[in-house]
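**Student:** File name data.cif; file contents mmCIF, C-alpha atoms and all ligand atoms; full text below.
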data_final
#
loop_
_atom_site.group_PDB
_atom_site.id
_atom_site.type_symbol
_atom_site.label_atom_id
_atom_site.label_comp_id
_atom_site.auth_asym_id
_atom_site.auth_seq_id
_atom_site.Cartn_x
_atom_site.Cartn_y
_atom_site.Cartn_z
ATOM 1 C CA MET P 1 -11.955 -18.960 11.754
ATOM 2 C CA ARG P 2 -12.128 -22.238 9.828
ATOM 3 C CA THR P 3 -9.266 -24.672 9.356
ATOM 4 C CA LEU P 4 -8.956 -26.655 6.157
ATOM 5 C CA THR P 5 -6.456 -29.497 5.813
ATOM 6 C CA VAL P 6 -5.685 -30.975 2.389
ATOM 7 C CA PRO P 7 -3.491 -34.064 1.859
ATOM 8 C CA ALA P 8 -0.597 -34.450 -0.555
ATOM 9 C CA THR P 9 -1.312 -36.788 -3.441
ATOM 10 C CA SER P 10 0.604 -39.051 -5.750
ATOM 11 C CA ALA P 11 -0.696 -39.499 -9.297
ATOM 12 C CA ASN P 12 -0.059 -42.199 -11.921
ATOM 13 C CA LEU P 13 1.490 -44.767 -9.493
ATOM 14 C CA GLY P 14 3.585 -45.932 -12.450
ATOM 15 C CA PRO P 15 1.305 -47.253 -15.220
ATOM 16 C CA GLY P 16 -1.931 -45.396 -14.349
ATOM 17 C CA PHE P 17 -1.028 -42.251 -16.287
ATOM 18 C CA ASP P 18 -3.599 -39.442 -15.722
ATOM 19 C CA CYS P 19 -5.879 -41.980 -14.020
ATOM 20 C CA LEU P 20 -4.724 -43.428 -10.669
ATOM 21 C CA GLY P 21 -4.144 -41.380 -7.507
ATOM 22 C CA LEU P 22 -3.335 -41.918 -3.850
ATOM 23 C CA ALA P 23 -3.765 -39.522 -0.897
ATOM 24 C CA LEU P 24 -0.731 -39.239 1.407
ATOM 25 C CA SER P 25 -0.332 -38.454 5.110
ATOM 26 C CA CYS P 26 1.312 -35.043 4.560
ATOM 27 C CA TYR P 27 -0.825 -31.908 4.633
ATOM 28 C CA ASN P 28 -1.244 -28.260 3.732
ATOM 29 C CA THR P 29 -3.345 -26.310 6.208
ATOM 30 C CA ILE P 30 -5.315 -23.173 5.432
ATOM 31 C CA THR P 31 -6.881 -21.183 8.271
ATOM 32 C CA PHE P 32 -9.330 -18.644 6.920
ATOM 33 C CA GLU P 33 -12.025 -16.120 7.743
ATOM 34 C CA PHE P 34 -14.113 -13.844 5.585
ATOM 35 C CA ILE P 35 -13.747 -10.119 6.265
ATOM 36 C CA GLU P 36 -15.546 -7.059 4.972
ATOM 37 C CA SER P 37 -13.017 -6.190 2.328
ATOM 38 C CA GLY P 38 -9.420 -6.670 1.256
ATOM 39 C CA LEU P 39 -7.040 -9.615 1.069
ATOM 40 C CA HIS P 40 -4.598 -10.638 3.767
ATOM 41 C CA ILE P 41 -2.445 -13.754 3.247
ATOM 42 C CA GLU P 42 0.117 -15.170 5.695
ATOM 43 C CA LEU P 43 2.560 -17.825 4.539
ATOM 44 C CA GLU P 44 4.411 -20.327 6.731
ATOM 45 C CA PRO P 45 7.124 -21.552 6.665
ATOM 46 C CA CYS P 46 8.866 -18.354 5.640
ATOM 47 C CA ASP P 47 10.642 -20.051 2.720
ATOM 48 C CA LEU P 48 7.388 -20.037 0.781
ATOM 49 C CA SER P 49 8.700 -16.929 -0.979
ATOM 50 C CA HIS P 50 7.807 -18.447 -4.368
ATOM 51 C CA ILE P 51 4.104 -18.421 -3.385
ATOM 52 C CA PRO P 52 2.491 -15.018 -3.973
ATOM 53 C CA ALA P 53 0.825 -13.448 -0.936
ATOM 54 C CA ASP P 54 -1.407 -11.231 -3.081
ATOM 55 C CA SER P 55 -4.177 -11.598 -5.657
ATOM 56 C CA ARG P 56 -1.935 -13.892 -7.770
ATOM 57 C CA ASN P 57 -2.136 -16.560 -5.032
ATOM 58 C CA LEU P 58 -3.629 -19.752 -6.536
ATOM 59 C CA ILE P 59 -5.975 -20.433 -3.594
ATOM 60 C CA TYR P 60 -7.321 -16.899 -3.835
ATOM 61 C CA ARG P 61 -7.663 -16.975 -7.635
ATOM 62 C CA VAL P 62 -9.627 -20.232 -7.479
ATOM 63 C CA PHE P 63 -11.763 -18.898 -4.594
ATOM 64 C CA CYS P 64 -12.724 -15.772 -6.591
ATOM 65 C CA GLY P 65 -13.152 -17.724 -9.847
ATOM 66 C CA VAL P 66 -15.613 -20.177 -8.306
ATOM 67 C CA LEU P 67 -17.692 -17.441 -6.632
ATOM 68 C CA LYS P 68 -17.869 -15.487 -9.886
ATOM 69 C CA THR P 69 -19.086 -18.633 -11.691
ATOM 70 C CA TYR P 70 -22.006 -18.627 -9.251
ATOM 71 C CA GLY P 71 -22.582 -14.892 -9.802
ATOM 72 C CA ILE P 72 -21.308 -13.966 -6.328
ATOM 73 C CA THR P 73 -18.965 -11.049 -5.639
ATOM 74 C CA PRO P 74 -16.007 -12.356 -3.590
ATOM 75 C CA PRO P 75 -15.824 -10.965 -0.052
ATOM 76 C CA GLY P 76 -12.651 -9.845 1.680
ATOM 77 C CA VAL P 77 -10.677 -12.755 3.030
ATOM 78 C CA HIS P 78 -7.881 -13.372 5.511
ATOM 79 C CA PHE P 79 -6.026 -16.675 5.374
ATOM 80 C CA ALA P 80 -2.866 -18.317 6.630
ATOM 81 C CA GLN P 81 -1.250 -21.044 4.556
ATOM 82 C CA VAL P 82 1.008 -23.600 6.272
ATOM 83 C CA ASN P 83 2.536 -25.897 3.671
ATOM 84 C CA GLU P 84 4.024 -29.315 4.411
ATOM 85 C CA ILE P 85 3.661 -30.409 0.783
ATOM 86 C CA PRO P 86 6.732 -29.366 -1.200
ATOM 87 C CA SER P 87 5.897 -27.319 -4.309
ATOM 88 C CA MET P 88 6.422 -28.581 -7.857
ATOM 89 C CA ARG P 89 7.687 -31.975 -6.728
ATOM 90 C CA GLY P 90 4.911 -34.212 -8.083
ATOM 91 C CA LEU P 91 3.086 -34.401 -4.745
ATOM 92 C CA GLY P 92 -0.092 -32.521 -5.591
ATOM 93 C CA SER P 93 0.734 -29.097 -4.125
ATOM 94 C CA SER P 94 -1.232 -27.247 -6.807
ATOM 95 C CA ALA P 95 -4.184 -29.664 -6.465
ATOM 96 C CA ALA P 96 -4.149 -28.885 -2.711
ATOM 97 C CA SER P 97 -4.364 -25.158 -3.496
ATOM 98 C CA VAL P 98 -7.168 -25.681 -6.012
ATOM 99 C CA VAL P 99 -9.117 -27.795 -3.501
ATOM 100 C CA GLY P 100 -8.418 -25.089 -0.898
ATOM 101 C CA GLY P 101 -9.884 -22.330 -3.088
ATOM 102 C CA VAL P 102 -12.946 -24.389 -4.018
ATOM 103 C CA VAL P 103 -13.710 -25.451 -0.421
ATOM 104 C CA MET P 104 -13.286 -21.855 0.785
ATOM 105 C CA ALA P 105 -15.743 -20.685 -1.898
ATOM 106 C CA ASP P 106 -18.202 -23.447 -0.983
ATOM 107 C CA THR P 107 -17.931 -22.460 2.691
ATOM 108 C CA TYR P 108 -18.769 -18.849 1.773
ATOM 109 C CA MET P 109 -21.787 -20.027 -0.229
ATOM 110 C CA GLY P 110 -23.089 -22.069 2.717
ATOM 111 C CA PHE P 111 -22.071 -25.514 1.415
ATOM 112 C CA LYS P 112 -24.322 -25.615 -1.616
ATOM 113 C CA MET P 113 -21.939 -27.412 -3.988
ATOM 114 C CA THR P 114 -22.439 -31.118 -4.609
ATOM 115 C CA LYS P 115 -19.402 -33.401 -4.509
ATOM 116 C CA GLN P 116 -19.706 -33.819 -8.293
ATOM 117 C CA GLU P 117 -19.677 -30.022 -8.812
ATOM 118 C CA MET P 118 -16.609 -29.709 -6.598
ATOM 119 C CA LEU P 119 -14.795 -32.449 -8.487
ATOM 120 C CA ASP P 120 -15.688 -31.030 -11.908
ATOM 121 C CA ILE P 121 -14.626 -27.495 -10.973
ATOM 122 C CA CYS P 122 -11.370 -28.677 -9.386
ATOM 123 C CA ALA P 123 -10.533 -30.925 -12.346
ATOM 124 C CA SER P 124 -11.261 -28.164 -14.861
ATOM 125 C CA GLN P 125 -8.636 -26.056 -13.062
ATOM 126 C CA GLU P 126 -6.075 -28.867 -13.016
ATOM 127 C CA GLY P 127 -6.754 -30.379 -16.446
ATOM 128 C CA HIS P 128 -6.917 -33.987 -15.196
ATOM 129 C CA PRO P 129 -8.483 -35.527 -12.106
ATOM 130 C CA ASP P 130 -5.711 -37.787 -10.795
ATOM 131 C CA ASN P 131 -4.455 -35.453 -8.037
ATOM 132 C CA ILE P 132 -7.809 -33.779 -7.355
ATOM 133 C CA LEU P 133 -9.713 -36.996 -6.589
ATOM 134 C CA PRO P 134 -7.490 -38.273 -3.755
ATOM 135 C CA ALA P 135 -7.106 -34.731 -2.338
ATOM 136 C CA LEU P 136 -10.906 -34.506 -2.034
ATOM 137 C CA LEU P 137 -11.781 -38.123 -1.215
ATOM 138 C CA GLY P 138 -8.670 -39.729 0.318
ATOM 139 C CA GLY P 139 -7.596 -43.328 -0.319
ATOM 140 C CA LEU P 140 -6.930 -44.792 -3.742
ATOM 141 C CA THR P 141 -8.832 -43.255 -6.639
ATOM 142 C CA VAL P 142 -9.400 -44.208 -10.254
ATOM 143 C CA GLY P 143 -10.821 -41.480 -12.447
ATOM 144 C CA CYS P 144 -11.261 -40.076 -15.924
ATOM 145 C CA MET P 145 -12.827 -37.048 -17.584
ATOM 146 C CA ASP P 146 -15.994 -37.783 -19.536
ATOM 147 C CA ASN P 147 -17.729 -34.915 -21.376
ATOM 148 C CA GLY P 148 -16.407 -32.374 -18.868
ATOM 149 C CA HIS P 149 -17.348 -34.482 -15.832
ATOM 150 C CA VAL P 150 -15.118 -36.494 -13.515
ATOM 151 C CA ARG P 151 -16.120 -40.158 -13.411
ATOM 152 C CA TYR P 152 -14.449 -42.052 -10.611
ATOM 153 C CA LEU P 153 -14.318 -44.799 -8.015
ATOM 154 C CA ARG P 154 -12.624 -44.537 -4.647
ATOM 155 C CA MET P 155 -11.207 -47.462 -2.666
ATOM 156 C CA ASP P 156 -9.406 -47.891 0.613
ATOM 157 C CA ALA P 157 -5.736 -48.718 0.106
ATOM 158 C CA PRO P 158 -4.243 -51.697 2.000
ATOM 159 C CA LYS P 159 -3.611 -50.704 5.637
ATOM 160 C CA SER P 160 -0.109 -52.205 5.623
ATOM 161 C CA LEU P 161 1.017 -50.099 2.661
ATOM 162 C CA ARG P 162 3.914 -47.774 3.529
ATOM 163 C CA LEU P 163 5.540 -45.268 1.233
ATOM 164 C CA ALA P 164 9.086 -43.966 1.207
ATOM 165 C CA VAL P 165 8.939 -40.614 -0.527
ATOM 166 C CA PHE P 166 12.251 -39.450 -2.030
ATOM 167 C CA ILE P 167 12.105 -35.696 -2.618
ATOM 168 C CA PRO P 168 14.863 -34.060 -4.685
ATOM 169 C CA PRO P 169 16.239 -30.579 -4.029
ATOM 170 C CA PHE P 170 15.068 -29.413 -7.475
ATOM 171 C CA SER P 171 11.564 -28.793 -8.830
ATOM 172 C CA LEU P 172 9.996 -29.834 -12.133
ATOM 173 C CA SER P 173 6.938 -28.246 -13.696
ATOM 174 C CA THR P 174 4.198 -30.521 -15.005
ATOM 175 C CA ARG P 175 4.327 -28.558 -18.271
ATOM 176 C CA LYS P 176 8.004 -29.395 -18.768
ATOM 177 C CA ALA P 177 7.474 -33.025 -17.723
ATOM 178 C CA ARG P 178 4.620 -33.362 -20.254
ATOM 179 C CA SER P 179 6.603 -31.661 -23.019
ATOM 180 C CA VAL P 180 9.032 -34.605 -23.240
ATOM 181 C CA LEU P 181 6.244 -37.154 -23.841
ATOM 182 C CA PRO P 182 5.640 -38.450 -27.381
ATOM 183 C CA LYS P 183 2.359 -37.568 -29.129
ATOM 184 C CA THR P 184 1.791 -41.184 -30.184
ATOM 185 C CA VAL P 185 2.951 -44.515 -28.737
ATOM 186 C CA PRO P 186 3.159 -48.040 -30.183
ATOM 187 C CA LEU P 187 0.091 -50.203 -29.557
ATOM 188 C CA GLU P 188 2.364 -52.635 -27.739
ATOM 189 C CA ASP P 189 3.272 -49.936 -25.179
ATOM 190 C CA ALA P 190 -0.365 -48.906 -24.736
ATOM 191 C CA VAL P 191 -1.325 -52.544 -24.075
ATOM 192 C CA PHE P 192 1.657 -52.930 -21.719
ATOM 193 C CA ASN P 193 0.325 -50.034 -19.618
ATOM 194 C CA LEU P 194 -3.320 -51.116 -19.735
ATOM 195 C CA THR P 195 -2.437 -54.539 -18.390
ATOM 196 C CA ARG P 196 -0.173 -53.179 -15.626
ATOM 197 C CA ALA P 197 -2.604 -50.438 -14.584
ATOM 198 C CA ALA P 198 -5.413 -52.999 -14.274
ATOM 199 C CA LEU P 199 -3.162 -55.365 -12.330
ATOM 200 C CA LEU P 200 -1.928 -52.586 -10.039
ATOM 201 C CA THR P 201 -5.476 -51.437 -9.278
ATOM 202 C CA ALA P 202 -6.518 -55.015 -8.520
ATOM 203 C CA ALA P 203 -3.402 -55.549 -6.365
ATOM 204 C CA LEU P 204 -4.104 -52.435 -4.281
ATOM 205 C CA ALA P 205 -7.844 -53.128 -4.089
ATOM 206 C CA THR P 206 -7.346 -56.696 -2.858
ATOM 207 C CA GLY P 207 -4.228 -56.097 -0.746
ATOM 208 C CA GLU P 208 -2.181 -58.544 -2.859
ATOM 209 C CA LEU P 209 0.948 -56.451 -2.536
ATOM 210 C CA SER P 210 3.132 -59.267 -3.927
ATOM 211 C CA ALA P 211 1.940 -58.232 -7.424
ATOM 212 C CA LEU P 212 3.384 -54.732 -7.081
ATOM 213 C CA PRO P 213 6.934 -55.421 -8.363
ATOM 214 C CA PHE P 214 5.677 -56.145 -11.884
ATOM 215 C CA ALA P 215 2.339 -54.272 -11.751
ATOM 216 C CA VAL P 216 4.019 -50.897 -11.266
ATOM 217 C CA ASN P 217 5.908 -50.914 -14.576
ATOM 218 C CA ASP P 218 5.187 -48.223 -17.125
ATOM 219 C CA ARG P 219 6.079 -47.405 -20.723
ATOM 220 C CA LEU P 220 4.013 -44.265 -21.304
ATOM 221 C CA HIS P 221 5.769 -41.565 -19.296
ATOM 222 C CA GLN P 222 8.549 -42.661 -16.934
ATOM 223 C CA PRO P 223 11.039 -43.738 -19.644
ATOM 224 C CA TYR P 224 10.759 -40.242 -21.184
ATOM 225 C CA ARG P 225 10.760 -38.284 -17.917
ATOM 226 C CA LYS P 226 13.681 -40.117 -16.346
ATOM 227 C CA SER P 227 16.195 -37.863 -18.079
ATOM 228 C CA LEU P 228 14.708 -34.887 -16.182
ATOM 229 C CA VAL P 229 15.452 -36.540 -12.825
ATOM 230 C CA PRO P 230 19.182 -37.020 -12.243
ATOM 231 C CA GLY P 231 19.617 -39.774 -9.644
ATOM 232 C CA TYR P 232 16.460 -41.671 -10.669
ATOM 233 C CA ASP P 233 18.151 -45.069 -11.174
ATOM 234 C CA ASP P 234 20.403 -44.711 -8.099
ATOM 235 C CA ILE P 235 17.428 -43.979 -5.848
ATOM 236 C CA ALA P 236 15.390 -46.842 -7.321
ATOM 237 C CA ARG P 237 18.323 -49.218 -6.661
ATOM 238 C CA LEU P 238 18.712 -47.868 -3.109
ATOM 239 C CA ALA P 239 15.015 -48.510 -2.445
ATOM 240 C CA ASP P 240 15.253 -51.990 -3.974
ATOM 241 C CA ALA P 241 18.188 -52.865 -1.739
ATOM 242 C CA SER P 242 16.205 -51.593 1.260
ATOM 243 C CA GLY P 243 13.321 -54.004 0.633
ATOM 244 C CA ALA P 244 10.978 -51.865 -1.498
ATOM 245 C CA LEU P 245 8.353 -53.758 -3.484
ATOM 246 C CA ALA P 246 8.420 -51.235 -6.313
ATOM 247 C CA THR P 247 9.433 -47.652 -7.086
ATOM 248 C CA TYR P 248 7.753 -45.147 -9.420
ATOM 249 C CA LEU P 249 7.841 -41.482 -10.386
ATOM 250 C CA SER P 250 5.204 -39.618 -8.368
ATOM 251 C CA GLY P 251 2.915 -37.702 -10.745
ATOM 252 C CA ALA P 252 4.980 -35.765 -13.246
ATOM 253 C CA GLY P 253 7.986 -36.027 -10.904
ATOM 254 C CA PRO P 254 10.641 -35.332 -9.826
ATOM 255 C CA THR P 255 9.802 -37.128 -6.520
ATOM 256 C CA LEU P 256 10.187 -40.915 -6.485
ATOM 257 C CA ILE P 257 8.001 -43.110 -4.281
ATOM 258 C CA SER P 258 8.673 -46.668 -3.154
ATOM 259 C CA PHE P 259 5.989 -49.046 -1.946
ATOM 260 C CA PHE P 260 6.793 -51.141 1.141
ATOM 261 C CA ASP P 261 4.631 -53.746 2.904
ATOM 262 C CA LYS P 262 6.083 -52.711 6.270
ATOM 263 C CA SER P 263 7.815 -49.595 7.491
ATOM 264 C CA PRO P 264 11.481 -49.435 6.477
ATOM 265 C CA SER P 265 14.018 -47.724 8.739
ATOM 266 C CA LEU P 266 13.952 -43.980 8.123
ATOM 267 C CA GLU P 267 17.410 -43.613 9.628
ATOM 268 C CA SER P 268 18.926 -46.193 7.319
ATOM 269 C CA LEU P 269 17.236 -44.735 4.214
ATOM 270 C CA THR P 270 18.358 -41.233 5.196
ATOM 271 C CA ASP P 271 21.965 -42.364 5.704
ATOM 272 C CA LYS P 272 22.094 -44.196 2.387
ATOM 273 C CA LEU P 273 20.475 -41.284 0.563
ATOM 274 C CA GLU P 274 22.867 -38.779 2.101
ATOM 275 C CA SER P 275 25.904 -40.697 0.836
ATOM 276 C CA LEU P 276 24.350 -41.096 -2.631
ATOM 277 C CA HIS P 277 22.817 -37.731 -3.513
ATOM 278 C CA LYS P 278 23.143 -34.559 -1.488
ATOM 279 C CA GLY P 279 20.053 -32.472 -0.923
ATOM 280 C CA TRP P 280 17.463 -35.216 -1.396
ATOM 281 C CA GLN P 281 15.243 -35.937 1.600
ATOM 282 C CA VAL P 282 13.178 -38.983 2.423
ATOM 283 C CA ARG P 283 9.849 -39.067 4.300
ATOM 284 C CA LEU P 284 7.942 -42.159 5.404
ATOM 285 C CA LEU P 285 4.224 -41.754 4.790
ATOM 286 C CA CYS P 286 1.096 -43.863 4.744
ATOM 287 C CA VAL P 287 -2.144 -43.450 2.826
ATOM 288 C CA ASP P 288 -4.593 -40.774 4.001
ATOM 289 C CA SER P 289 -8.056 -42.308 3.936
ATOM 290 C CA GLN P 290 -10.162 -39.190 4.436
ATOM 291 C CA GLY P 291 -9.187 -36.492 1.959
ATOM 292 C CA TYR P 292 -9.679 -32.833 2.872
ATOM 293 C CA ARG P 293 -11.019 -31.919 6.321
ATOM 294 C CA LEU P 294 -12.786 -28.704 7.271
ATOM 295 C CA GLU P 295 -13.128 -27.768 10.922
HETATM 296 N N1 LIG W 1 -0.924 -37.267 -14.509
HETATM 297 C C1 LIG W 1 -0.213 -36.020 -14.509
HETATM 298 C C2 LIG W 1 1.088 -36.189 -15.264
HETATM 299 C C3 LIG W 1 0.057 -35.633 -13.098
HETATM 300 O O1 LIG W 1 1.726 -37.212 -15.091
HETATM 301 O O2 LIG W 1 1.458 -35.303 -16.035
HETATM 302 C C4 LIG W 1 0.653 -34.282 -12.974
HETATM 303 O O3 LIG W 1 -0.209 -33.382 -12.395
#
Would you kindly transcribe this structure into structure tokens?
**Tutor:**
Amino acid sequence: MRTLTVPATSANLGPGFDCLGLALSCYNTITFEFIESGLHIELEPCDLSHIPADSRNLIYRVFCGVLKTYGITPPGVHFAQVNEIPSMRGLGSSAASVVGGVVMADTYMGFKMTKQEMLDICASQEGHPDNILPALLGGLTVGCMDNGHVRYLRMDAPKSLRLAVFIPPFSLSTRKARSVLPKTVPLEDAVFNLTRAALLTAALATGELSALPFAVNDRLHQPYRKSLVPGYDDIARLADASGALATYLSGAGPTLISFFDKSPSLESLTDKLESLHKGWQVRLLCVDSQGYRLE
């Protein structure tokens, strides 16, 4: 039996659309073994009823797809999936499954894939590398696709950085969240985002967290996606009043994340959230610096 742990991720971080990513201290765990034949999947917690426990399972599909690319017939496999990362909430749950399938396939092949091959295969499944990179490498990642290859740099995030993660009771598919984006944007908005994304990256790389309140602003996706997230402004105001440095839409949403330079009170945030919007939950997380782990 092998145990694979994959962190949640947060993409975009406001202005870094399809480019910036952060690994979070919340994990999906897959325990697996290869068997002679057949497929046996266990899902925990039990409310993972929306995740198929048969050959439609994303981890399994990726596992088989990768092996077939290398001309290898997939073996039987038995795995148990324990998910802490909520699905379709903008926290990288599908990236975690893709990484899971690829690492399982690499394990079966005797660890012959290079890091670059892993990244390229994972990103081709996801379409963009911003959730894949932090799930594989941990920390803060900056990446792009270039001729089918992921080009990237990874940095450690400031140790003092704390994140309040506001998770709504409803899901949002990336497809829907991308469908509301315009096909073209004014040059002024593109420049606005370039400048903020560069500033945000520099702020996180140097630990100058005081730049975050203005560095996190975005004009490329959040203004359009906001309408899909009822409660967005209320939650951002709540975080502001609780001492957050900045708040942004995690990935394609609908989760909102606030940056803090020290841990806020979970109890106080939970109380305020409860009286504002029923069904939302808040978790306090920090940055995962390692990425996936295989034991
Ligand atoms: N960068 C992507 C988006 C993340 O915002 O649509 C979603 O996977």
**Student:** As a quick test: using all atoms listed in the file, which residues lie no more than 10 Å away from ligand LIG 1 (chain W)? Give them as a PyMOL selection string.
**Tutor:** chain P and resi 9-14+16-21+88-95+126-132+173-179+181+220-222+225+249-253
**Student:** Measuring between all atoms listed in the file, which one of P:Leu294, P:Ala190, P:Met104, P:Ala23 shows the shortest distance to P:Thr5?
**Tutor:**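 Selected residue with least distance to P:Thr5: P:Leu294.
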**Student:** The PyMOL selection byres (((chain P and resi 259) around 8) and not hetatm) - which residues does that actually catch in the file I just gave you? List them as a list of chain:residue names.
**Tutor:** P:Leu161, P:Arg162, P:Leu163, P:Ala164, P:Ala244, P:Leu245, P:Ala246, P:Thr247, P:Ile257, P:Ser258, P:Phe260, P:Asp261
**Student:** Which value, in Å to one decimal, gives the distance between atom CA of P:Gly38 and atom CA of P:Cys64?
**Tutor:**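 Computing it gives 12.5 Å between the two atoms.
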**Student:** Env of P:Ala53: 9 Å cut, atoms = only C-alpha atoms, seq-sep filter 5 positions within chain, self excluded. Answer as a list of chain:residue names.
**Tutor:** P:Leu39, P:His40, P:Ile41, P:Glu42, P:Leu43
**Student:** Neighbouring residues of P:Phe170 were defined as those with any atom within 10 Å, considering all atoms listed in the file; residues of the same chain fewer than 4 positions away were excluded. Please report them as a ChimeraX atom specification.
**Tutor:** /P:87-89,229-230,254-255,279-280
**Student:** How many Å separate atom CA of P:Leu133 from atom CA of P:Pro186?
**Tutor:**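 Those two atoms sit 29.1 Å apart.
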**Student:** Would you please work out which residue, of P:Val77, P:Ile72, P:Ile59, P:Leu284, is nearest to P:Ser37 when using only C-alpha atoms?
**Tutor:** P:Val77
**Student:** Give me the residues near P:Asn83 as a count of residues only, where near means some atom within 9 Å (using all atoms listed in the file) and where sequence neighbours in that chain fewer than 4 positions away do not count.
**Tutor:** 10
**Student:** Record the distance separating atom CA of P:Val282 and atom CA of P:Leu269, expressed in Å with one decimal.
**Tutor:**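 Atom-to-atom, atom CA of P:Val282 and atom CA of P:Leu269 are spaced 7.3 Å apart.
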**Student:** Box along x, y and z, 6 Å on every side, all listed atoms of stretch 69-79 of chain P inside: centre and edge lengths in Å to one decimal, as lines of an AutoDock Vina configuration file.
**Tutor:**
center_x = -14.3
center_y = -14.2
center_z = -3.1
size_x = 28.6
size_y = 20.8
size_z = 29.2
**Student:** Could you tell me which residues the PyMOL selection byres (((chain P and resi 211) around 12) and not hetatm) grabs in this file, written as a PyMOL selection string?
**Tutor:** chain P and resi 196-210+212-217+245-246+259+261
**Student:** I need the residue set behind the PyMOL selection byres (((chain P and resi 6) around 8) and not hetatm) for this file; please write it as a PyMOL selection string.
**Tutor:** chain P and resi 4-5+7-8+27-29+96+99-100+135-136+291-293
**Student:** Here is a test: counting all atoms listed in the file, which residue of P:Arg61, P:Phe79, P:Phe32, P:Lys226 is nearest to P:Leu172?
**Tutor:**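 That would be P:Lys226, the residue with the smallest distance to P:Leu172.
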**Student:** Within 10 Å of P:Glu36, counting only C-alpha atoms, which residues qualify if same-chain residues fewer than 4 places away don't, as a list of chain:residue names?
**Tutor:**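 My reading of the contact set: P:Pro75, P:Gly76, P:Val77, P:His78.
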**Student:** Determine the nearest neighbour of P:Phe34 from the options P:His50, P:Arg56, P:Arg219, P:Arg2, counting only C-alpha atoms.
**Tutor:**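 Using only C-alpha atoms, the shortest distance to P:Phe34 belongs to P:Arg2.
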**Student:** Find, counting all atoms listed in the file, the residue in P:Asn147, P:Thr107, P:Gln125, P:Ser263 that gets nearest to P:Leu58.
**Tutor:**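 Residue with the minimum atom-to-atom distance to P:Leu58: P:Gln125.
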**Student:** Looking at P:Leu238, P:Gly139, P:Met113, P:Met118, which one is nearest to P:Val287, with distances taken over all atoms listed in the file?
**Tutor:** P:Gly139
